[in-house]
file target_22.txt (compact mmCIF, C-alpha atoms)
# COMPACT_ATOMS: atom_id res chain seq x y z
CA MET A 4 -88.41 14.79 6.54
CA LYS A 5 -90.12 11.81 8.09
CA SER A 6 -88.70 10.86 11.47
CA ALA A 7 -86.69 7.63 11.56
CA GLU A 8 -87.46 7.05 15.24
CA PRO A 9 -90.47 4.69 14.84
CA ALA A 10 -88.60 2.58 12.27
CA LEU A 11 -85.46 2.55 14.42
CA THR A 12 -87.47 1.53 17.48
CA ALA A 13 -89.00 -1.35 15.55
CA TYR A 14 -85.55 -2.31 14.26
CA LEU A 15 -84.03 -2.32 17.74
CA ASP A 16 -86.91 -4.45 19.01
CA GLY A 17 -85.74 -7.11 16.55
CA PHE A 18 -82.60 -7.83 18.57
CA THR A 19 -83.42 -10.91 20.66
CA GLU A 20 -80.00 -12.27 21.63
CA ASP A 21 -79.06 -12.73 25.27
CA PRO A 22 -77.16 -9.95 27.09
CA GLY A 23 -73.40 -10.16 26.81
CA TYR A 24 -73.18 -10.59 23.04
CA LEU A 25 -70.45 -8.39 21.55
CA ASP A 26 -69.36 -10.43 18.52
CA TYR A 27 -71.28 -9.22 15.48
CA GLY A 28 -67.99 -9.13 13.57
CA ARG A 29 -68.04 -12.92 13.71
CA ILE A 30 -71.73 -13.71 13.37
CA GLY A 31 -74.90 -11.69 13.82
CA PRO A 32 -77.70 -13.55 15.65
CA LEU A 33 -80.83 -13.68 13.48
CA SER A 34 -83.17 -10.73 13.81
CA ARG A 35 -86.74 -11.35 14.89
CA ALA A 36 -87.99 -10.59 11.36
CA VAL A 37 -85.47 -12.92 9.73
CA LEU A 38 -86.31 -15.74 12.12
CA ALA A 39 -90.01 -15.33 11.33
CA GLU A 40 -89.20 -15.28 7.61
CA SER A 41 -87.13 -18.45 7.91
CA LEU A 42 -89.83 -20.29 9.83
CA GLY A 43 -92.52 -19.17 7.41
CA GLN A 44 -90.56 -20.14 4.32
CA GLY A 45 -89.66 -23.47 5.90
CA GLU A 46 -93.33 -24.17 6.56
CA ILE A 47 -94.17 -23.49 2.89
CA LEU A 48 -91.48 -25.93 1.76
CA ALA A 49 -92.47 -28.54 4.33
CA ARG A 50 -96.11 -28.57 3.23
CA ALA A 51 -95.42 -28.16 -0.50
CA ARG A 52 -98.99 -27.25 -1.31
CA TYR A 53 -100.04 -27.26 -4.93
CA GLY A 54 -98.57 -24.25 -6.73
CA SER A 55 -96.38 -23.18 -3.81
CA LEU A 56 -92.95 -24.13 -5.15
CA GLY A 57 -92.84 -21.27 -7.65
CA HIS A 58 -92.78 -18.96 -4.66
CA PHE A 59 -89.15 -19.87 -3.94
CA GLY A 60 -88.07 -18.84 -7.42
CA GLU A 61 -89.58 -15.42 -6.77
CA GLN A 62 -87.19 -14.84 -3.88
CA ASP A 63 -84.31 -14.30 -6.30
CA LEU A 64 -85.72 -11.05 -7.66
CA ARG A 65 -86.75 -9.99 -4.16
CA MET A 66 -83.22 -10.54 -2.89
CA ARG A 67 -81.57 -8.80 -5.84
CA ALA A 68 -83.88 -5.81 -5.47
CA ALA A 69 -83.06 -5.54 -1.76
CA VAL A 70 -79.30 -5.71 -2.43
CA ALA A 71 -79.63 -3.15 -5.22
CA ALA A 72 -81.41 -0.73 -2.89
CA LEU A 73 -78.53 -0.80 -0.39
CA THR A 74 -75.60 -0.92 -2.83
CA ARG A 75 -77.02 1.41 -5.50
CA PHE A 76 -76.33 -1.20 -8.19
CA ARG A 77 -79.14 -2.30 -10.50
CA ALA A 78 -80.99 -5.48 -9.63
CA ASP A 79 -79.77 -7.13 -12.86
CA GLN A 80 -76.19 -6.44 -11.71
CA VAL A 81 -76.64 -8.70 -8.67
CA VAL A 82 -76.31 -12.48 -8.54
CA ALA A 83 -76.77 -14.78 -5.55
CA GLN A 84 -73.77 -16.53 -4.01
CA PRO A 85 -73.56 -19.07 -1.19
CA ASN A 86 -71.16 -16.75 0.68
CA THR A 87 -68.74 -13.85 0.32
CA SER A 88 -65.74 -16.09 -0.32
CA MET A 89 -67.35 -17.73 -3.35
CA GLY A 90 -68.19 -14.33 -4.78
CA LEU A 91 -64.56 -13.27 -4.41
CA MET A 92 -63.44 -16.50 -6.06
CA HIS A 93 -65.61 -15.68 -9.09
CA ALA A 94 -64.03 -12.23 -9.32
CA MET A 95 -60.42 -13.35 -8.92
CA PHE A 96 -60.70 -16.32 -11.27
CA GLY A 97 -62.22 -13.97 -13.83
CA LEU A 98 -59.32 -11.51 -13.86
CA THR A 99 -56.54 -11.29 -16.44
CA GLY A 100 -53.59 -9.23 -15.22
CA ASP A 101 -52.21 -8.08 -11.88
CA VAL A 102 -54.39 -7.42 -8.84
CA LEU A 103 -53.08 -5.31 -5.96
CA LEU A 104 -54.22 -6.36 -2.50
CA SER A 105 -52.99 -6.66 1.06
CA PRO A 106 -51.83 -10.06 2.37
CA ALA A 107 -53.06 -8.88 5.79
CA ASP A 108 -56.69 -8.73 4.68
CA PHE A 109 -59.16 -11.37 5.83
CA PRO A 110 -58.06 -14.65 4.21
CA SER A 111 -60.95 -14.77 1.72
CA LEU A 112 -59.29 -12.14 -0.50
CA PRO A 113 -55.66 -13.34 -0.56
CA PHE A 114 -56.74 -16.98 -0.86
CA ALA A 115 -58.95 -16.22 -3.85
CA ALA A 116 -56.14 -14.29 -5.55
CA ARG A 117 -53.54 -16.97 -4.89
CA ARG A 118 -55.76 -19.88 -5.92
CA ALA A 119 -56.72 -18.11 -9.15
CA ALA A 120 -53.06 -17.48 -9.97
CA GLU A 121 -52.11 -21.09 -9.24
CA ALA A 122 -54.94 -22.57 -11.27
CA LEU A 123 -55.17 -20.36 -14.35
CA HIS A 124 -51.86 -18.42 -14.48
CA VAL A 125 -53.57 -15.35 -15.95
CA ALA A 126 -54.00 -13.23 -12.80
CA THR A 127 -51.10 -12.37 -10.51
CA PRO A 128 -51.46 -11.04 -6.95
CA LEU A 129 -49.33 -8.00 -6.17
CA TRP A 130 -48.96 -7.90 -2.39
CA LEU A 131 -49.40 -4.41 -1.04
CA GLU A 132 -46.68 -3.46 1.42
CA ALA A 133 -48.23 -1.50 4.25
CA GLU A 134 -46.29 0.70 6.65
CA THR A 135 -45.18 -0.97 9.87
CA THR A 136 -44.41 2.11 11.96
CA SER A 137 -47.58 4.10 11.34
CA GLU A 138 -50.62 4.01 13.62
CA ARG A 139 -52.40 2.67 10.53
CA ALA A 140 -50.04 -0.27 10.13
CA GLY A 141 -51.63 -3.07 8.15
CA GLN A 142 -54.47 -0.90 6.88
CA VAL A 143 -55.07 -0.10 3.23
CA THR A 144 -55.13 3.62 2.41
CA PRO A 145 -55.39 5.48 -0.92
CA GLY A 146 -51.81 6.70 -0.55
CA GLN A 147 -50.43 3.20 -0.14
CA VAL A 148 -52.40 1.99 -3.13
CA ARG A 149 -51.30 4.92 -5.31
CA ASP A 150 -47.63 4.38 -4.51
CA GLN A 151 -47.71 0.67 -5.38
CA LEU A 152 -49.73 0.63 -8.59
CA THR A 153 -47.91 -0.73 -11.64
CA PRO A 154 -48.62 -0.43 -15.37
CA GLY A 155 -49.81 -4.05 -15.28
CA THR A 156 -52.26 -3.55 -12.42
CA VAL A 157 -55.78 -4.21 -13.71
CA ALA A 158 -57.58 -4.35 -10.38
CA VAL A 159 -57.33 -3.39 -6.72
CA ALA A 160 -59.04 -5.52 -4.07
CA VAL A 161 -59.81 -4.27 -0.55
CA SER A 162 -61.92 -5.03 2.47
CA LEU A 163 -64.52 -2.41 3.28
CA VAL A 164 -63.69 -2.85 6.97
CA ASP A 165 -60.52 -4.46 8.28
CA SER A 166 -61.59 -7.44 10.39
CA ARG A 167 -58.73 -7.06 12.88
CA THR A 168 -58.79 -3.31 13.46
CA GLY A 169 -62.28 -2.16 12.46
CA PHE A 170 -60.67 0.41 10.15
CA ARG A 171 -62.96 1.68 7.37
CA THR A 172 -61.38 1.77 3.94
CA ASP A 173 -61.79 4.97 1.94
CA LEU A 174 -63.39 3.56 -1.22
CA GLU A 175 -63.83 6.96 -2.86
CA GLY A 176 -60.20 7.86 -2.20
CA ILE A 177 -58.99 4.58 -3.67
CA ARG A 178 -61.20 5.05 -6.71
CA GLN A 179 -59.61 8.45 -7.32
CA VAL A 180 -56.07 7.04 -7.35
CA ILE A 181 -56.68 3.86 -9.39
CA GLY A 182 -58.44 5.42 -12.38
CA ASP A 183 -60.44 2.97 -14.48
CA ARG A 184 -58.93 -0.16 -12.93
CA LEU A 185 -61.44 -2.52 -11.38
CA LEU A 186 -62.15 -1.96 -7.69
CA ILE A 187 -63.09 -5.20 -5.91
CA VAL A 188 -64.60 -4.89 -2.43
CA ASP A 189 -65.08 -7.53 0.24
CA ALA A 190 -67.92 -5.76 2.07
CA ILE A 191 -68.91 -8.40 4.67
CA GLN A 192 -67.51 -6.56 7.72
CA GLY A 193 -69.54 -3.44 7.10
CA PHE A 194 -72.51 -4.38 4.97
CA GLY A 195 -75.68 -3.19 6.63
CA VAL A 196 -74.06 -0.80 9.12
CA VAL A 197 -71.66 1.26 6.98
CA ASP A 198 -73.14 3.75 4.53
CA ALA A 199 -70.38 3.11 2.01
CA ALA A 200 -69.94 4.48 -1.51
CA TYR A 201 -70.55 1.10 -3.14
CA GLU A 202 -71.31 2.81 -6.44
CA VAL A 203 -67.59 3.60 -6.96
CA ALA A 204 -66.75 -0.12 -6.83
CA ASP A 205 -66.90 -2.54 -9.74
CA VAL A 206 -67.29 -5.68 -7.67
CA VAL A 207 -68.99 -5.92 -4.28
CA ALA A 208 -69.03 -9.33 -2.60
CA SER A 209 -70.76 -9.80 0.71
CA GLY A 210 -73.07 -11.92 2.78
CA GLY A 211 -75.72 -11.39 5.40
CA GLN A 212 -74.48 -13.53 8.26
CA LYS A 213 -72.72 -10.76 10.16
CA TRP A 214 -74.11 -7.23 10.57
CA ALA A 215 -77.21 -7.83 8.42
CA ARG A 216 -78.20 -10.69 10.78
CA ALA A 217 -79.61 -12.87 8.01
CA GLY A 218 -77.71 -16.09 8.76
CA TRP A 219 -75.38 -18.24 6.68
CA GLY A 220 -75.84 -18.96 3.00
CA THR A 221 -76.90 -15.39 2.19
CA GLY A 222 -74.11 -14.19 -0.09
CA PHE A 223 -74.27 -12.04 -3.21
CA LEU A 224 -72.05 -10.57 -5.90
CA ALA A 225 -72.74 -7.16 -7.44
CA LEU A 226 -70.94 -6.32 -10.69
CA SER A 227 -70.71 -3.06 -12.59
CA ASP A 228 -71.17 -3.13 -16.36
CA ARG A 229 -67.41 -2.59 -16.67
CA ALA A 230 -66.75 -5.63 -14.46
CA VAL A 231 -69.07 -7.77 -16.58
CA GLU A 232 -67.13 -6.71 -19.68
CA ARG A 233 -63.69 -7.36 -18.21
CA LEU A 234 -64.17 -10.45 -16.04
CA THR A 235 -64.38 -13.95 -17.49
CA PRO A 236 -67.11 -16.07 -15.87
CA VAL A 237 -64.87 -19.09 -15.40
CA MET A 238 -67.19 -20.96 -13.05
CA SER A 239 -70.48 -20.45 -14.86
CA GLY A 240 -73.23 -23.03 -14.60
CA PHE A 241 -76.42 -23.64 -16.54
CA THR A 242 -78.19 -20.73 -14.79
CA GLY A 243 -75.47 -18.41 -16.10
CA THR A 244 -76.59 -18.88 -19.70
CA VAL A 245 -79.86 -16.96 -19.37
CA PRO A 246 -80.71 -13.49 -18.02
CA ALA A 247 -81.61 -13.14 -14.35
CA GLY A 248 -85.19 -14.18 -13.69
CA SER A 249 -85.50 -16.36 -16.78
CA GLU A 250 -87.03 -19.80 -16.30
CA GLU A 251 -85.52 -21.21 -19.49
CA LEU A 252 -83.09 -24.11 -19.30
CA PRO A 253 -80.41 -24.88 -21.90
CA TRP A 254 -81.47 -28.44 -22.67
CA ASP A 255 -79.46 -30.45 -25.24
CA ASP A 256 -76.83 -27.73 -25.61
CA VAL A 257 -74.13 -25.90 -23.64
CA PRO A 258 -74.39 -22.26 -24.74
CA PRO A 259 -71.89 -19.61 -23.63
CA PRO A 260 -72.50 -17.54 -20.51
CA VAL A 261 -74.79 -14.56 -20.85
CA ARG A 262 -72.99 -11.21 -20.73
CA ALA A 263 -74.43 -10.14 -17.39
CA ALA A 264 -73.93 -10.64 -13.67
CA ALA A 265 -76.10 -13.77 -13.94
CA ALA A 266 -73.17 -15.45 -15.73
CA PHE A 267 -71.40 -15.71 -12.38
CA GLY A 268 -73.96 -18.14 -11.02
CA VAL A 269 -73.55 -21.91 -11.00
CA THR A 270 -76.99 -23.24 -10.16
CA ASN A 271 -80.33 -22.26 -8.66
CA ALA A 272 -79.92 -20.43 -5.37
CA ASP A 273 -81.41 -21.37 -2.01
CA GLY A 274 -84.78 -19.58 -2.05
CA ILE A 275 -85.12 -19.67 1.72
CA ALA A 276 -81.66 -18.13 2.19
CA GLN A 277 -82.55 -15.46 -0.36
CA ALA A 278 -85.75 -14.71 1.54
CA ARG A 279 -83.80 -14.36 4.78
CA LEU A 280 -81.38 -11.91 3.20
CA ALA A 281 -84.18 -9.95 1.55
CA SER A 282 -86.08 -9.73 4.83
CA ALA A 283 -82.99 -8.46 6.66
CA LEU A 284 -82.18 -5.85 4.01
CA GLU A 285 -85.78 -4.66 3.74
CA GLU A 286 -85.70 -4.07 7.48
CA ILE A 287 -82.44 -2.13 7.18
CA GLN A 288 -83.79 -0.10 4.25
CA ALA A 289 -86.85 0.89 6.28
CA VAL A 290 -84.59 2.48 8.91
CA GLY A 291 -81.74 3.73 6.75
CA VAL A 292 -78.15 2.58 6.88
CA ASP A 293 -77.07 6.06 7.97
CA VAL A 294 -79.36 5.89 11.01
CA ILE A 295 -78.06 2.45 11.96
CA GLU A 296 -74.49 3.62 11.40
CA SER A 297 -74.99 6.51 13.84
CA ALA A 298 -76.39 4.17 16.49
CA VAL A 299 -73.45 1.79 16.04
CA ALA A 300 -70.97 4.69 16.33
CA ALA A 301 -72.57 5.83 19.58
CA ASN A 302 -72.39 2.33 21.05
CA THR A 303 -68.76 1.78 20.08
CA GLU A 304 -68.00 5.12 21.72
CA ARG A 305 -69.52 3.77 24.94
CA LEU A 306 -67.24 0.74 24.75
CA ILE A 307 -64.17 2.93 24.24
CA ASP A 308 -65.14 5.18 27.15
CA LEU A 309 -65.49 2.17 29.45
CA ALA A 310 -62.12 0.77 28.38
CA ASP A 311 -60.54 4.17 29.02
CA GLU A 312 -62.11 4.29 32.46
CA PHE A 313 -60.24 1.10 33.39
CA GLY A 314 -57.02 2.01 31.62
CA ILE A 315 -57.33 -0.75 29.02
CA GLY A 316 -55.54 0.10 25.80
CA VAL A 317 -57.59 0.63 22.63
CA SER A 318 -55.72 0.07 19.37
CA SER A 319 -58.62 0.70 16.97
CA SER A 320 -59.28 4.21 15.70
CA ARG A 321 -61.03 6.64 18.02
CA ASP A 322 -62.34 8.59 15.04
CA ALA A 323 -65.87 7.40 14.25
CA ARG A 324 -65.30 8.30 10.60
CA GLU A 325 -62.50 5.72 10.41
CA ARG A 326 -64.00 2.80 12.31
CA ALA A 327 -67.04 0.62 11.91
CA GLY A 328 -68.64 -1.39 14.72
CA MET A 329 -65.49 -2.86 16.21
CA VAL A 330 -63.39 -1.80 19.18
CA VAL A 331 -60.05 -3.56 19.59
CA LEU A 332 -58.64 -3.81 23.10
CA GLN A 333 -54.87 -4.16 23.36
CA PRO A 334 -53.79 -5.24 26.85
CA PRO A 335 -50.15 -6.01 27.62
CA ALA A 336 -49.23 -9.34 26.02
CA GLU A 337 -48.82 -11.03 29.39
CA ARG A 338 -52.32 -9.90 30.41
CA LEU A 339 -54.25 -10.99 27.31
CA THR A 340 -55.24 -14.34 28.78
CA ALA A 341 -56.46 -12.69 31.96
CA LEU A 342 -58.63 -10.23 30.06
CA GLY A 343 -60.07 -12.98 27.88
CA ALA A 344 -60.81 -15.07 30.96
CA ALA A 345 -62.54 -12.17 32.74
CA LEU A 346 -64.78 -11.56 29.75
CA HIS A 347 -65.58 -15.25 29.43
CA ASN A 348 -66.29 -15.69 33.13
CA HIS A 349 -68.77 -12.82 33.04
CA GLY A 350 -70.70 -14.27 30.10
CA LEU A 351 -69.46 -11.97 27.36
CA THR A 352 -69.10 -13.26 23.80
CA THR A 353 -66.10 -11.62 22.08
CA THR A 354 -63.27 -12.55 19.74
CA VAL A 355 -59.78 -13.02 21.21
CA ARG A 356 -57.01 -13.48 18.66
CA SER A 357 -53.74 -12.04 17.36
CA GLY A 358 -52.85 -10.58 20.76
CA SER A 359 -56.01 -8.50 21.10
CA VAL A 360 -59.67 -8.62 22.11
CA ARG A 361 -62.27 -7.49 19.58
CA LEU A 362 -65.62 -6.17 20.76
CA SER A 363 -68.30 -5.74 18.08
CA ALA A 364 -71.34 -3.64 18.96
CA HIS A 365 -74.46 -3.20 16.84
CA ALA A 366 -77.22 -0.59 16.93
CA ARG A 367 -78.64 -2.06 20.12
CA LEU A 368 -76.39 -2.28 23.18
CA ALA A 369 -78.27 -3.48 26.24
CA GLU A 370 -77.52 -1.87 29.59
CA GLU A 371 -77.14 -5.35 31.05
CA THR A 372 -74.38 -6.02 28.55
CA MET A 373 -72.60 -2.86 29.64
CA ASP A 374 -72.98 -3.91 33.29
CA MET A 375 -71.48 -7.31 32.48
CA LEU A 376 -68.59 -5.67 30.64
CA ARG A 377 -67.93 -3.32 33.55
CA ALA A 378 -67.89 -6.26 35.96
CA ALA A 379 -65.42 -8.09 33.74
CA PHE A 380 -63.14 -5.05 33.62
CA VAL A 381 -63.35 -4.73 37.42
CA ALA A 382 -62.30 -8.36 37.82
CA TYR A 383 -59.50 -7.94 35.28
CA THR A 384 -58.00 -4.84 36.90
CA ALA A 385 -58.42 -6.26 40.42
CA ALA A 386 -56.44 -9.36 39.45
CA GLU A 387 -53.68 -7.13 38.07
CA ARG A 388 -53.03 -5.74 41.56
CA TYR A 389 -52.25 -9.15 43.03

call {"tool": "encode", "arguments": {"input": "target_22.txt", "output": "structure tokens"}}
result
Amino acid sequence: MKSAEPALTAYLDGFTEDPGYLDYGRIGPLSRAVLAESLGQGEILARARYGSLGHFGEQDLRMRAAVAALTRFRADQVVAQPNTSMGLMHAMFGLTGDVLLSPADFPSLPFAARRAAEALHVATPLWLEAETTSERAGQVTPGQVRDQLTPGTVAVAVSLVDSRTGFRTDLEGIRQVIGDRLLIVDAIQGFGVVDAAYEVADVVASGGQKWARAGWGTGFLALSDRAVERLTPVMSGFTGTVPAGSEELPWDDVPPPVRAAAAFGVTNADGIAQARLASALEEIQAVGVDVIESAVAANTERLIDLADEFGIGVSSSRDARERAGMVVLQPPAERLTALGAALHNHGLTTTVRSGSVRLSAHARLAEETMDMLRAAFVAYTAAERY
């Protein structure tokens, strides 16, 4: 087997953000390759040389092929979206029947389900009731899903990674308990760093602005053949009437949507955004998601060990098989502000909300960042003694 070390080294060299950044769960700073891609594509558009504009149309197939390689869907099963939320809207508005999902998931999922129900009255959200006493409170597990399925449930929607806890959802386990119901996955919090079983899902919606480090506007929707058959493309524009890659336009007529993933498009996508996403995913593919995942797991372990050293509570899972790139610190409620202030004062970028501090580490974790984090913890614990 060819060693992944040279590719991983090149990948790690693409991290150019300043030390102290631990917030990939919110936004991933552009990789070196993506920045170069963006600048190069922008230069092509700015100069608009004769024959150059067709180049941007070619980015659609490039992007779909890159997404297909990571999700194990076919390229024709992928359609560009402006973001994850719009992809989820397409899926929810296309449903007829009940969809089981957690109200505690990131708002994109419950909002899409509720808005679809309010507007069309053909899909109804069934709110999954999670346990409140378990250490997995608020997290979606196969057992919880199995126990709350109803005869009218046509789909189950989950987040690949819970944005508040970093908990990884067991997609294969959920598939086993839901049978042939549609499985809809919001993959944004793990896409690019979690080697997930996307092939068991029917709908995968994600974007590249977080862990893939491709920037905003880089969303996509991947649909299984079963999803294409069962979902109605409610918001389908003129590009949704022809197969992916076709340059035909439906002049002087409004034909029905094509029976394919392309039906869930509204208009021509942003070619530069597609190029950014393709560049990011090609870089990931060259290394291997499993290799990146291992590096992320090792770095999150370092964060947990440092928190333990200073006696700072960790509420996220300590099992690498259950967590993605996030470590959630849970200080006493009266000390949350002090911890947030210590991190801020030492130049660390994190997310503080819902009574906790979320640290998000990627495959590269600079020693200077660890030194800054240690200094922040020292200041925090020293203040506690006074």

call {"tool": "closest_atom_pairs", "arguments": {"input": "target_22.txt", "of": "stretch 193-293 of chain A", "to": "stretch 179-183 of chain A", "cutoff": "10 Å", "atoms": "only C-alpha atoms", "output": "tab-separated table"}}
result
residue	atom	partner	partner_atom	distance
A:Val203	CA	A:Gln179	CA	9.3
A:Asp205	CA	A:Asp183	CA	9.7
A:Arg229	CA	A:Asp183	CA	9.2

call {"tool": "atom_distance", "arguments": {"input": "target_22.txt", "atom1": "atom CA of A:Phe18", "atom2": "atom CA of A:Ser34"}}
result
5.6 Å

call {"tool": "residues_near_point", "arguments": {"input": "target_22.txt", "point": "(-63.1, -14.6, -0.2)", "cutoff": "8 Å", "atoms": "all atoms listed in the file", "output": "PyMOL selection string"}}
result
chain A and resi 87-92+109-115+189

call {"tool": "residues_around", "arguments": {"input": "target_22.txt", "residues": "A:Tyr383", "least_positions_apart": "2", "cutoff": "8 Å", "atoms": "only C-alpha atoms", "output": "PyMOL selection string"}}
result
chain A and resi 341-342+345+379-381+385-387

call {"tool": "atom_distance", "arguments": {"input": "target_22.txt", "atom1": "atom CA of A:His124", "atom2": "atom CA of A:Gln80"}}
result
27.3 Å
